[in-house]
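A.B. asks: Quick one, input18.csv (CSV, C-alpha atoms and all ligand atoms):
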chain,number,residue,atom,x,y,z
V,15,MET,CA,-41.9,9.6,-15.4
V,16,ASN,CA,-44.7,7.2,-16.5
V,17,ASP,CA,-46.1,8.9,-19.5
V,18,ARG,CA,-43.2,9.2,-21.9
V,19,SER,CA,-45.3,9.4,-25.1
V,20,SER,CA,-45.3,13.2,-25.1
V,21,LEU,CA,-41.5,13.5,-24.6
V,22,SER,CA,-39.4,14.9,-27.4
V,23,PRO,CA,-36.4,12.9,-28.6
V,24,SER,CA,-34.0,15.4,-27.0
V,25,THR,CA,-35.5,14.6,-23.6
V,26,GLN,CA,-35.7,10.9,-24.4
V,27,PHE,CA,-32.0,10.8,-25.1
V,28,VAL,CA,-31.2,12.2,-21.7
V,29,HIS,CA,-33.9,10.6,-19.6
V,30,HIS,CA,-34.1,7.0,-20.7
V,31,LYS,CA,-36.4,4.5,-19.1
V,32,ARG,CA,-34.8,2.9,-16.0
V,33,VAL,CA,-34.7,-0.9,-15.5
V,34,ASN,CA,-35.3,-1.7,-11.8
V,35,LEU,CA,-34.8,-5.2,-10.5
V,36,PRO,CA,-37.7,-6.9,-8.8
V,37,LYS,CA,-37.4,-6.9,-5.0
V,38,GLY,CA,-35.1,-9.7,-3.8
V,39,ASN,CA,-33.7,-10.3,-7.4
V,40,LEU,CA,-30.0,-9.4,-6.8
V,41,PRO,CA,-27.0,-9.5,-9.1
V,42,LEU,CA,-24.4,-12.0,-7.9
V,43,VAL,CA,-21.7,-9.4,-8.6
V,44,SER,CA,-22.3,-5.9,-7.3
V,45,PRO,CA,-22.8,-3.3,-10.0
V,46,ILE,CA,-20.4,-0.4,-10.6
V,47,TYR,CA,-22.2,2.7,-9.4
V,48,GLN,CA,-20.6,4.7,-12.2
V,49,SER,CA,-22.5,7.8,-11.3
V,50,VAL,CA,-21.1,11.0,-9.8
V,51,LYS,CA,-24.5,12.2,-8.6
V,52,PHE,CA,-27.3,10.5,-6.6
V,53,THR,CA,-30.7,12.1,-6.2
V,54,PRO,CA,-32.4,12.1,-2.8
V,55,ALA,CA,-36.0,10.8,-2.6
V,56,ASN,CA,-37.2,14.2,-1.5
V,57,MET,CA,-36.1,17.3,0.3
V,58,SER,CA,-36.5,15.7,3.7
V,59,GLN,CA,-33.9,13.0,2.7
V,60,LEU,CA,-31.6,15.6,1.3
V,61,ARG,CA,-31.7,17.4,4.6
V,62,ALA,CA,-31.1,14.2,6.5
V,63,ILE,CA,-28.1,13.3,4.2
V,64,MET,CA,-26.6,16.8,4.6
V,65,GLY,CA,-27.1,16.6,8.3
V,66,GLY,CA,-25.4,13.2,8.6
V,67,ARG,CA,-28.6,11.4,9.8
V,68,ASP,CA,-29.0,9.4,6.6
V,69,ILE,CA,-26.1,7.4,5.0
V,70,GLY,CA,-27.6,8.1,1.5
V,71,TYR,CA,-25.4,9.3,-1.4
V,72,LEU,CA,-25.3,12.6,-3.2
V,73,TYR,CA,-21.9,13.1,-4.8
V,74,SER,CA,-19.1,10.6,-5.4
V,75,ARG,CA,-16.2,12.6,-4.2
V,76,ILE,CA,-17.9,12.5,-0.8
V,77,SER,CA,-19.1,8.9,-1.0
V,78,ASN,CA,-20.0,6.2,-3.5
V,79,PRO,CA,-21.7,2.8,-2.9
V,80,THR,CA,-19.1,0.8,-4.9
V,81,VAL,CA,-16.2,2.6,-3.1
V,82,ARG,CA,-18.1,2.1,0.2
V,83,GLU,CA,-18.3,-1.6,-0.4
V,84,LEU,CA,-14.5,-1.8,-0.8
V,85,GLU,CA,-13.9,0.4,2.3
V,86,THR,CA,-16.2,-1.9,4.4
V,87,LEU,CA,-14.5,-5.1,3.2
V,88,LEU,CA,-10.9,-3.8,3.9
V,89,ALA,CA,-11.8,-2.3,7.3
V,90,GLU,CA,-13.2,-5.7,8.2
V,91,LEU,CA,-10.1,-7.6,7.0
V,92,GLN,CA,-7.7,-5.3,8.7
V,93,GLY,CA,-9.8,-5.7,11.9
V,94,ARG,CA,-10.8,-2.0,12.4
V,95,GLU,CA,-14.0,0.0,12.4
V,96,ASP,CA,-13.9,2.0,9.3
V,97,ALA,CA,-11.9,3.1,6.3
V,98,ILE,CA,-11.5,5.8,3.6
V,99,ALA,CA,-10.4,4.9,0.1
V,100,ALA,CA,-8.2,7.2,-2.0
V,101,ALA,CA,-7.1,7.5,-5.6
V,102,SER,CA,-3.7,5.9,-4.8
V,103,GLY,CA,-1.5,4.8,-1.8
V,104,ILE,CA,0.3,8.1,-1.8
V,105,ALA,CA,-3.0,10.0,-1.9
V,106,ALA,CA,-4.0,8.1,1.3
V,107,LEU,CA,-0.7,8.9,3.0
V,108,THR,CA,-1.1,12.6,1.9
V,109,ALA,CA,-4.6,12.7,3.5
V,110,VAL,CA,-3.2,11.3,6.8
V,111,ALA,CA,-0.3,13.9,6.8
V,112,MET,CA,-2.6,16.8,6.0
V,113,THR,CA,-5.1,15.8,8.7
V,114,PHE,CA,-2.8,15.1,11.6
V,115,LEU,CA,0.1,17.5,11.1
V,116,THR,CA,0.3,21.2,11.3
V,117,THR,CA,2.8,24.0,11.4
V,118,GLY,CA,5.3,23.6,14.2
V,119,ASP,CA,4.7,19.8,14.5
V,120,ARG,CA,7.4,17.2,14.3
V,121,VAL,CA,7.0,13.9,12.4
V,122,VAL,CA,9.2,10.8,12.4
V,123,VAL,CA,9.8,8.7,9.3
V,124,PHE,CA,12.3,5.9,8.8
V,125,THR,CA,15.0,5.9,6.1
V,126,GLU,CA,13.7,2.4,5.3
V,127,SER,CA,10.5,3.7,3.8
V,128,TYR,CA,8.9,4.2,0.4
V,129,LYS,CA,10.8,7.2,-1.3
V,130,PRO,CA,7.6,9.3,-2.0
V,131,THR,CA,6.5,9.0,1.6
V,132,ARG,CA,9.9,10.5,2.7
V,133,PHE,CA,9.4,13.2,0.1
V,134,LEU,CA,5.8,13.9,1.2
V,135,LEU,CA,7.1,14.7,4.6
V,136,SER,CA,10.5,16.2,4.2
V,137,GLY,CA,9.9,17.8,0.7
V,138,ILE,CA,6.3,19.0,0.9
V,139,LEU,CA,5.0,19.2,4.5
V,140,SER,CA,8.3,20.9,5.4
V,141,ARG,CA,7.2,23.9,3.3
V,142,PHE,CA,4.3,24.3,5.7
V,143,GLY,CA,6.5,24.3,8.8
V,144,VAL,CA,6.4,20.6,9.7
V,145,GLU,CA,9.8,19.3,10.9
V,146,THR,CA,10.6,15.8,9.6
V,147,ILE,CA,13.0,13.7,11.7
V,148,ARG,CA,14.4,10.8,9.6
V,149,LEU,CA,15.7,7.8,11.6
V,150,SER,CA,17.1,4.5,10.6
V,151,ARG,CA,15.4,1.2,11.4
V,152,ASP,CA,18.1,0.7,14.0
V,153,ASP,CA,17.7,4.1,15.7
V,154,TYR,CA,15.0,3.1,18.3
V,155,ASP,CA,17.1,4.7,21.1
V,156,LYS,CA,16.9,8.0,19.3
V,157,PHE,CA,13.1,7.5,18.7
V,158,GLU,CA,12.7,6.9,22.4
V,159,ALA,CA,14.7,10.0,23.3
V,160,ILE,CA,12.7,12.2,20.9
V,161,CYS,CA,9.4,10.9,22.2
V,162,GLN,CA,10.5,11.5,25.8
V,163,GLY,CA,12.0,14.9,25.0
V,164,ALA,CA,10.4,18.4,25.2
V,165,LYS,CA,8.9,18.2,21.8
V,166,PRO,CA,7.7,14.7,20.9
V,167,PRO,CA,6.5,14.0,17.4
V,168,LYS,CA,2.8,14.1,16.6
V,169,VAL,CA,3.0,11.2,14.1
V,170,VAL,CA,5.4,8.4,13.3
V,171,PHE,CA,5.2,6.8,9.8
V,172,LEU,CA,6.6,3.3,9.3
V,173,GLU,CA,6.4,0.2,7.1
V,174,SER,CA,7.1,-3.4,8.1
V,175,PRO,CA,8.5,-5.1,6.0
V,176,THR,CA,10.2,-2.0,4.7
V,177,ASN,CA,10.6,-1.1,1.1
V,178,PRO,CA,12.9,-2.2,-0.5
V,179,THR,CA,15.2,-4.0,2.0
V,180,LEU,CA,12.4,-5.9,4.0
V,181,ARG,CA,13.5,-5.0,7.5
V,182,ILE,CA,10.9,-5.8,10.2
V,183,HIS,CA,10.0,-3.2,12.8
V,184,ASP,CA,9.7,-4.0,16.5
V,185,LEU,CA,6.0,-2.9,16.6
V,186,PRO,CA,5.4,-3.4,20.3
V,187,ARG,CA,8.4,-1.2,21.1
V,188,ILE,CA,7.5,1.6,18.7
V,189,ILE,CA,3.8,1.5,19.7
V,190,LYS,CA,4.6,1.7,23.5
V,191,THR,CA,7.0,4.6,23.0
V,192,ALA,CA,4.7,6.5,20.7
V,193,LYS,CA,1.6,6.0,22.9
V,194,ALA,CA,3.3,7.3,25.9
V,195,ALA,CA,4.1,10.5,23.9
V,196,HIS,CA,0.6,10.8,22.4
V,197,CYS,CA,2.2,10.3,19.0
V,198,LEU,CA,-0.1,8.8,16.3
V,199,THR,CA,1.3,5.5,14.8
V,200,VAL,CA,0.7,5.1,11.0
V,201,LEU,CA,1.7,1.8,9.5
V,202,ASP,CA,2.0,1.5,5.8
V,203,ASN,CA,0.9,-2.1,5.6
V,204,THR,CA,1.2,-2.4,1.8
V,205,PHE,CA,3.9,-5.1,1.9
V,206,ALA,CA,2.5,-7.1,4.8
V,207,GLY,CA,-1.1,-7.0,3.6
V,208,PHE,CA,-4.6,-7.0,5.1
V,209,LEU,CA,-4.3,-10.2,7.1
V,210,GLU,CA,-1.2,-9.1,9.1
V,211,HIS,CA,-0.7,-6.8,12.1
V,212,GLN,CA,-4.4,-6.6,13.2
V,213,ALA,CA,-3.5,-7.5,16.8
V,214,PHE,CA,-1.1,-4.6,17.2
V,215,ASP,CA,-2.4,-1.3,18.6
V,216,ILE,CA,-1.6,0.7,15.5
V,217,ASP,CA,-3.7,3.8,15.1
V,218,LEU,CA,-3.9,4.0,11.3
V,219,PHE,CA,-3.1,1.4,8.6
V,220,VAL,CA,-2.5,2.7,5.1
V,221,HIS,CA,-2.3,0.4,2.0
V,222,SER,CA,-1.6,1.0,-1.6
V,223,LEU,CA,-4.4,-0.9,-3.3
V,224,THR,CA,-2.4,-0.7,-6.5
V,225,LYS,CA,-0.5,-3.8,-5.3
V,226,GLN,CA,-1.9,-7.1,-4.0
V,227,ALA,CA,-5.4,-5.8,-3.6
V,228,SER,CA,-5.9,-5.0,-7.3
V,229,GLY,CA,-3.5,-7.8,-8.2
V,230,HIS,CA,-3.7,-7.4,-12.0
V,231,SER,CA,-1.7,-4.2,-12.7
V,232,ASP,CA,-4.8,-2.4,-14.0
V,233,ALA,CA,-6.1,-0.2,-11.2
V,234,MET,CA,-4.7,2.2,-8.7
V,235,GLY,CA,-6.0,3.0,-5.2
V,236,GLY,CA,-5.2,3.5,-1.6
V,237,ILE,CA,-6.9,3.1,1.7
V,238,ILE,CA,-6.7,4.4,5.3
V,239,ILE,CA,-8.1,2.1,8.0
V,240,GLY,CA,-8.6,2.8,11.7
V,241,LYS,CA,-11.1,3.4,14.4
V,242,ARG,CA,-14.1,5.5,13.6
V,243,THR,CA,-13.1,8.6,15.6
V,244,LEU,CA,-9.9,8.9,13.5
V,245,ILE,CA,-11.6,8.2,10.2
V,246,ASP,CA,-14.2,10.8,11.1
V,247,LYS,CA,-11.3,13.3,11.5
V,248,LEU,CA,-9.8,12.3,8.2
V,249,PHE,CA,-13.0,12.4,6.2
V,250,PRO,CA,-13.4,16.2,5.6
V,251,VAL,CA,-9.8,16.6,4.8
V,252,ALA,CA,-9.6,13.6,2.4
V,253,MET,CA,-12.8,14.7,0.7
V,254,THR,CA,-11.6,18.2,0.2
V,255,LEU,CA,-8.1,17.2,-1.0
V,256,GLY,CA,-10.1,15.5,-3.8
V,257,GLY,CA,-7.9,12.4,-4.2
V,258,CYS,CA,-11.0,10.1,-4.1
V,259,LEU,CA,-11.1,6.6,-5.6
V,260,ASP,CA,-13.3,6.3,-8.7
V,261,PRO,CA,-16.0,3.6,-8.7
V,262,ASN,CA,-14.6,1.8,-11.7
V,263,SER,CA,-11.2,1.3,-10.0
V,264,ALA,CA,-13.0,0.4,-6.8
V,265,TRP,CA,-14.9,-2.3,-8.7
V,266,LEU,CA,-11.7,-3.7,-10.3
V,267,ILE,CA,-10.1,-3.8,-6.8
V,268,LEU,CA,-13.2,-5.5,-5.3
V,269,ARG,CA,-12.9,-8.1,-8.1
V,270,GLY,CA,-9.2,-8.5,-7.4
V,271,MET,CA,-9.9,-9.0,-3.7
V,272,LYS,CA,-12.0,-12.1,-4.5
V,273,THR,CA,-8.7,-14.0,-5.3
V,274,TYR,CA,-6.5,-12.1,-2.8
V,275,GLY,CA,-6.1,-15.1,-0.5
V,276,LEU,CA,-5.2,-17.4,-3.3
V,277,ARG,CA,-2.8,-15.0,-5.1
V,278,THR,CA,-1.0,-13.9,-1.9
V,279,ALA,CA,-0.6,-17.5,-0.7
V,280,GLU,CA,0.8,-18.6,-4.1
V,281,SER,CA,3.2,-15.8,-4.6
V,282,SER,CA,4.6,-16.1,-1.0
V,283,ARG,CA,4.9,-19.9,-1.6
V,284,LEU,CA,7.0,-19.2,-4.7
V,285,ALA,CA,8.9,-16.4,-3.0
V,286,ILE,CA,10.3,-18.6,-0.2
V,287,GLU,CA,11.3,-21.2,-2.7
V,288,ILE,CA,13.1,-18.6,-4.9
V,289,ALA,CA,14.7,-16.9,-1.8
V,290,THR,CA,16.0,-20.2,-0.5
V,291,TRP,CA,17.3,-21.2,-4.0
V,292,LEU,CA,19.0,-17.8,-4.4
V,293,THR,CA,21.1,-18.5,-1.2
V,294,THR,CA,22.7,-21.4,-3.2
V,295,GLN,CA,23.6,-19.2,-6.2
V,296,THR,CA,27.1,-17.7,-6.5
V,297,TRP,CA,25.8,-14.7,-8.6
V,298,ALA,CA,23.5,-13.6,-5.7
V,299,LYS,CA,24.4,-12.5,-2.1
V,300,ASN,CA,22.8,-10.8,0.9
V,301,ILE,CA,19.4,-12.5,0.1
V,302,ARG,CA,16.8,-10.6,2.1
V,303,TYR,CA,13.5,-12.4,2.8
V,304,PRO,CA,12.1,-12.3,6.3
V,305,ALA,CA,11.2,-15.9,6.4
V,306,LEU,CA,14.8,-16.9,5.9
V,307,LYS,CA,16.7,-17.8,9.1
V,308,THR,CA,19.6,-15.6,7.9
V,309,HIS,CA,17.4,-12.4,7.8
V,310,PRO,CA,18.5,-10.0,10.5
V,311,ASP,CA,14.9,-9.6,11.8
V,312,HIS,CA,13.8,-13.2,11.4
V,313,GLU,CA,13.0,-13.7,15.1
V,314,LEU,CA,10.8,-10.5,15.1
V,315,TRP,CA,9.2,-11.7,11.8
V,316,LYS,CA,8.3,-15.0,13.4
V,317,LYS,CA,6.6,-13.2,16.4
V,318,GLN,CA,4.7,-10.6,14.3
V,319,ASN,CA,3.9,-12.1,10.9
V,320,ARG,CA,2.3,-15.1,9.3
V,321,SER,CA,3.5,-14.8,5.7
V,322,GLY,CA,6.9,-13.9,4.2
V,323,GLY,CA,5.3,-11.9,1.4
V,324,SER,CA,6.1,-11.9,-2.3
V,325,VAL,CA,9.1,-9.6,-2.3
V,326,ILE,CA,12.8,-10.6,-2.2
V,327,THR,CA,15.8,-8.3,-2.3
V,328,PHE,CA,19.3,-9.4,-3.0
V,329,ASP,CA,22.6,-8.1,-4.4
V,330,LEU,CA,24.2,-9.2,-7.7
V,331,THR,CA,27.8,-10.2,-7.3
V,332,CYS,CA,28.8,-8.5,-10.6
V,333,ALA,CA,30.8,-5.3,-11.3
V,334,ASP,CA,29.0,-1.9,-11.4
V,335,LYS,CA,29.3,-1.8,-15.2
V,336,ASP,CA,27.5,-5.1,-15.6
V,337,VAL,CA,24.4,-4.5,-13.5
V,338,ASP,CA,22.2,-3.4,-16.5
V,339,LYS,CA,22.9,-6.6,-18.3
V,340,PHE,CA,20.9,-8.5,-15.7
V,341,PHE,CA,17.8,-6.4,-16.2
V,342,ASP,CA,18.2,-6.2,-20.0
V,343,ASN,CA,18.3,-10.0,-20.2
V,344,LEU,CA,15.3,-10.9,-18.1
V,345,ARG,CA,12.6,-12.3,-20.3
V,346,LEU,CA,9.8,-13.4,-17.9
V,347,PHE,CA,10.4,-10.9,-15.1
V,348,SER,CA,9.3,-7.4,-16.2
V,349,VAL,CA,11.5,-4.5,-15.3
V,350,THR,CA,9.0,-2.1,-13.7
V,351,PRO,CA,8.2,-0.9,-10.2
V,352,SER,CA,5.3,-2.1,-8.0
V,353,LEU,CA,4.6,-5.5,-6.6
V,354,GLY,CA,1.7,-7.8,-5.7
V,355,CYS,CA,0.5,-8.5,-9.2
V,356,VAL,CA,0.2,-11.8,-11.0
V,357,GLU,CA,3.3,-10.9,-13.1
V,358,SER,CA,6.8,-11.2,-11.6
V,359,LEU,CA,8.8,-8.0,-11.6
V,360,ALA,CA,12.4,-6.9,-11.0
V,361,VAL,CA,13.9,-3.4,-10.3
V,362,PRO,CA,17.2,-1.9,-9.5
V,363,CYS,CA,16.7,-0.6,-6.0
V,364,LEU,CA,19.2,2.3,-5.8
V,365,MET,CA,17.8,4.1,-8.9
V,366,LEU,CA,14.1,3.6,-8.0
V,367,TYR,CA,14.0,3.8,-4.2
V,368,ALA,CA,17.1,5.5,-2.8
V,369,ASP,CA,18.6,8.0,-5.2
V,370,ASP,CA,17.4,10.8,-2.9
V,371,LEU,CA,19.5,9.5,0.0
V,372,PRO,CA,23.2,10.4,0.6
V,373,PRO,CA,25.2,7.4,-0.8
V,374,GLU,CA,26.5,6.4,2.7
V,375,GLU,CA,22.9,6.4,4.1
V,376,ALA,CA,21.7,4.2,1.2
V,377,LEU,CA,24.5,1.8,1.8
V,378,ALA,CA,23.8,1.7,5.5
V,379,ALA,CA,20.2,0.9,4.6
V,380,GLY,CA,21.5,-2.0,2.5
V,381,ILE,CA,21.1,-0.5,-0.9
V,382,SER,CA,23.9,-0.5,-3.5
V,383,LEU,CA,24.0,-0.4,-7.3
V,384,GLN,CA,23.8,-4.2,-7.3
V,385,THR,CA,20.7,-4.4,-5.1
V,386,VAL,CA,17.7,-6.0,-7.0
V,387,ARG,CA,14.1,-6.2,-5.8
V,388,LEU,CA,12.1,-9.1,-7.1
V,389,ALA,CA,8.3,-9.0,-6.7
V,390,ILE,CA,7.1,-12.6,-7.3
V,391,GLY,CA,3.8,-13.2,-9.2
V,392,ILE,CA,2.1,-16.5,-9.8
V,393,GLU,CA,3.9,-18.0,-12.7
V,394,GLY,CA,5.6,-21.4,-12.7
V,395,LEU,CA,8.5,-21.8,-10.2
V,396,ASP,CA,10.9,-23.5,-12.7
V,397,ASP,CA,10.3,-20.8,-15.4
V,398,LEU,CA,11.0,-18.0,-12.9
V,399,LYS,CA,14.2,-19.7,-11.7
V,400,ALA,CA,15.4,-20.4,-15.3
V,401,ASP,CA,14.8,-16.7,-16.2
V,402,LEU,CA,16.9,-15.4,-13.3
V,403,LEU,CA,19.6,-18.0,-14.0
V,404,GLN,CA,20.0,-17.1,-17.8
V,405,ALA,CA,20.0,-13.4,-17.0
V,406,ALA,CA,22.6,-13.9,-14.3
V,407,ALA,CA,24.8,-16.0,-16.6
V,408,LYS,CA,24.8,-13.2,-19.2
V,409,THR,CA,25.7,-10.7,-16.4
V,410,THR,CA,28.4,-12.4,-14.5
V,411,GLY,CA,29.5,-15.1,-16.9
V,412,GLN,CA,28.9,-17.8,-14.3
Z,1,LIG,N1,3.6,2.5,0.1
Z,1,LIG,C1,4.4,1.6,-0.4
Z,1,LIG,C2,5.1,0.7,0.6
Z,1,LIG,C3,4.6,1.4,-1.7
Z,1,LIG,O1,5.4,0.4,-2.2
Z,1,LIG,C4,3.9,2.2,-2.6
Z,1,LIG,C5,4.1,2.1,-4.1
Z,1,LIG,O2,4.9,1.4,-4.6
Z,1,LIG,C6,3.0,3.2,-2.1
Z,1,LIG,C7,2.9,3.3,-0.8
Z,1,LIG,C8,2.3,4.2,-3.0
Z,1,LIG,O3,1.3,3.5,-3.7
Z,1,LIG,P1,0.6,4.1,-5.0
Z,1,LIG,O4,1.6,3.9,-6.1
Z,1,LIG,O5,-0.7,3.4,-5.1
Z,1,LIG,O6,0.4,5.6,-4.8
Would you mind writing the file out in structure tokens?
Ligand code: PLP

C.D. replies:
Amino acid sequence: MNDRSSLSPSTQFVHHKRVNLPKGNLPLVSPIYQSVKFTPANMSQLRAIMGGRDIGYLYSRISNPTVRELETLLAELQGREDAIAAASGIAALTAVAMTFLTTGDRVVVFTESYKPTRFLLSGILSRFGVETIRLSRDDYDKFEAICQGAKPPKVVFLESPTNPTLRIHDLPRIIKTAKAAHCLTVLDNTFAGFLEHQAFDIDLFVHSLTKQASGHSDAMGGIIIGKRTLIDKLFPVAMTLGGCLDPNSAWLILRGMKTYGLRTAESSRLAIEIATWLTTQTWAKNIRYPALKTHPDHELWKKQNRSGGSVITFDLTCADKDVDKFFDNLRLFSVTPSLGCVESLAVPCLMLYADDLPPEEALAAGISLQTVRLAIGIEGLDDLKADLLQAAAKTTGQ
């Protein structure tokens, strides 16, 4: 609209003059495409977009350039062809379950998994006739028997390291069994991160971007990464479920990703120091951190992983009645769920991650009232140790 002189103020309010950058004059930081709608150049382009012959944009629930930039980056890091972003990690997991499972199907999930993932399958998908089989991390023989039986599962959901007890799965063994049974493998790679597990023949990776990717506790998101044929199957379902990532959050996560390497390296450097130090403390026992030689899956971890990650789980040696004192006395560690942010966090595991399990199953999975999960941020090592020490002294009197 070149001649604006005849426009009324009401029209000027709505249709302001656009500032277009000269050709080749680019912003160093990509803009946030905070627009729900995109107009095609003409009807012919609209037809091409609708027909999938033009990658142009129309409506942000379907696709948005800022979100697309994030999807492309994360697919590249995880070493796969394509990705679909979602509003949260659990929205990503929901899209996978709704795409690849239907009435009469079986799905396998491990007890050692994020509680809402277990609920998604056994509490929600079960209402639509999907049968969930829950196995423990040590039940590989059962998994093999089910896969070789008359009705193999259509999908297996797993995490490695697992939340919250940091067990490591034998990925080659699971993948081999699942592939032979045409069972889709879905690895929630949130704890391990984008730079781990590329070499394994996992069908779909899911990440909560709310954690290390965003890194600053101010944005939620999720992503599903895999080969293009699988992402193409997911696309219409994810788009229709409506759990899309908004461009503002995508931009914050893109900004977080610029320091991903630095932050994850620093928090795992601090985590190994703290985990090793915890093994010398009388108020802490059963220190679980995969890079420690005493971890039950340490050998597997060495074969499959590069980093130990930022999460440590351990048990306080105090009586049941004193557990709350530990959390109430922490000053630097914040008592709140999540991980992978610059702040260090601490949570009681039983209440947050295992209160849906029968007590004996929680115990078998290594979770008691005394089990604490630490998510290490990027503060000073001595300050973090001092905080744990003073809270432990007030809890156990040691
Ligand atoms: N997967 C794992 C392993 C998690 O720890 C979480 C959240 O803590 C999620 C998925 C869900 O992510 P979100 O909170 O972004 O939905």

A.B. asks: Env of region 80-96 of chain V: 7 Å cut, atoms = all atoms listed in the file, seq-sep filter 3 positions within chain, self excluded. Answer as a PyMOL selection string.

C.D. replies: chain V and resi 46-47+77+99+208-209+212+239-242+245+259+261+264-265+268

A.B. asks: Using all atoms listed in the file, which protein or nucleic acid residues come within 8 Å of Ala100 (chain V)? Drop anything in the same chain fewer than 5 positions from it, and give the result as a count of residues only.

C.D. replies: 10

A.B. asks: How would you write, as a PyMOL selection string, the set of residues no farther than 10 Å from ligand LIG 1 (chain Z) when counting all atoms listed in the file?

C.D. replies: chain V and resi 100-108+126-131+172-178+201-206+220-225+233-237+351-354+367

A.B. asks: Find the residues near region 159-171 of chain V: any atom within 6 Å, counting all atoms listed in the file, skip ones fewer than 5 places away on the same chain, and give them as an MDAnalysis selection string.

C.D. replies: chainID V and resid 120:123 195 197:200

A.B. asks: What's around Thr409 (chain V) at 6 Å? Count all atoms listed in the file, leave out sequence neighbours fewer than 3 positions away in its own chain, and write the answer as number ranges by chain.

C.D. replies: V: 336, 339-340, 406

A.B. asks: With all atoms listed in the file as the counted atoms, please give the residues lying no more than 10 Å from Pro310 (chain V), apart from itself and same-chain residues fewer than 6 positions off, as a list in words.

C.D. replies: Leu180, Arg181, Ile182, Arg302, Tyr303 and Pro304 of chain V

A.B. asks: Quick one, how far is CA of Leu306 (chain V) from CA of Ser358 (chain V)?

C.D. replies: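 So the answer is 20.1 Å.
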
A.B. asks: If you measure from CA of Asn34 (chain V) to CA of Arg269 (chain V), what distance in Å do you get, rounded to one decimal?

C.D. replies: 23.6 Å

A.B. asks: In Å, how far is it from CA of Met253 (chain V) to CA of Thr146 (chain V)?

C.D. replies: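 Answer for the CA of Met253 (chain V) to CA of Thr146 (chain V) separation: 25.1 Å.
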
A.B. asks: Hey, which of V:Gly137, V:Leu383, V:Phe341, V:Ser282 ends up closest to Ala407 (chain V)? Count only C-alpha atoms.

C.D. replies: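 With only C-alpha atoms as the atom set, the closest residue is V:Phe341.
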
A.B. asks: With distances taken over all atoms listed in the file, which residue among V:Lys51, V:Lys272, V:Arg148, V:Arg283 lies nearest Leu395 (chain V)?

C.D. replies: V:Arg283

A.B. asks: Taking only C-alpha atoms into account, name the residue in V:Ala389, V:Val144, V:Val361, V:Ile381 that is nearest to Leu284 (chain V).

C.D. replies: V:Ala389
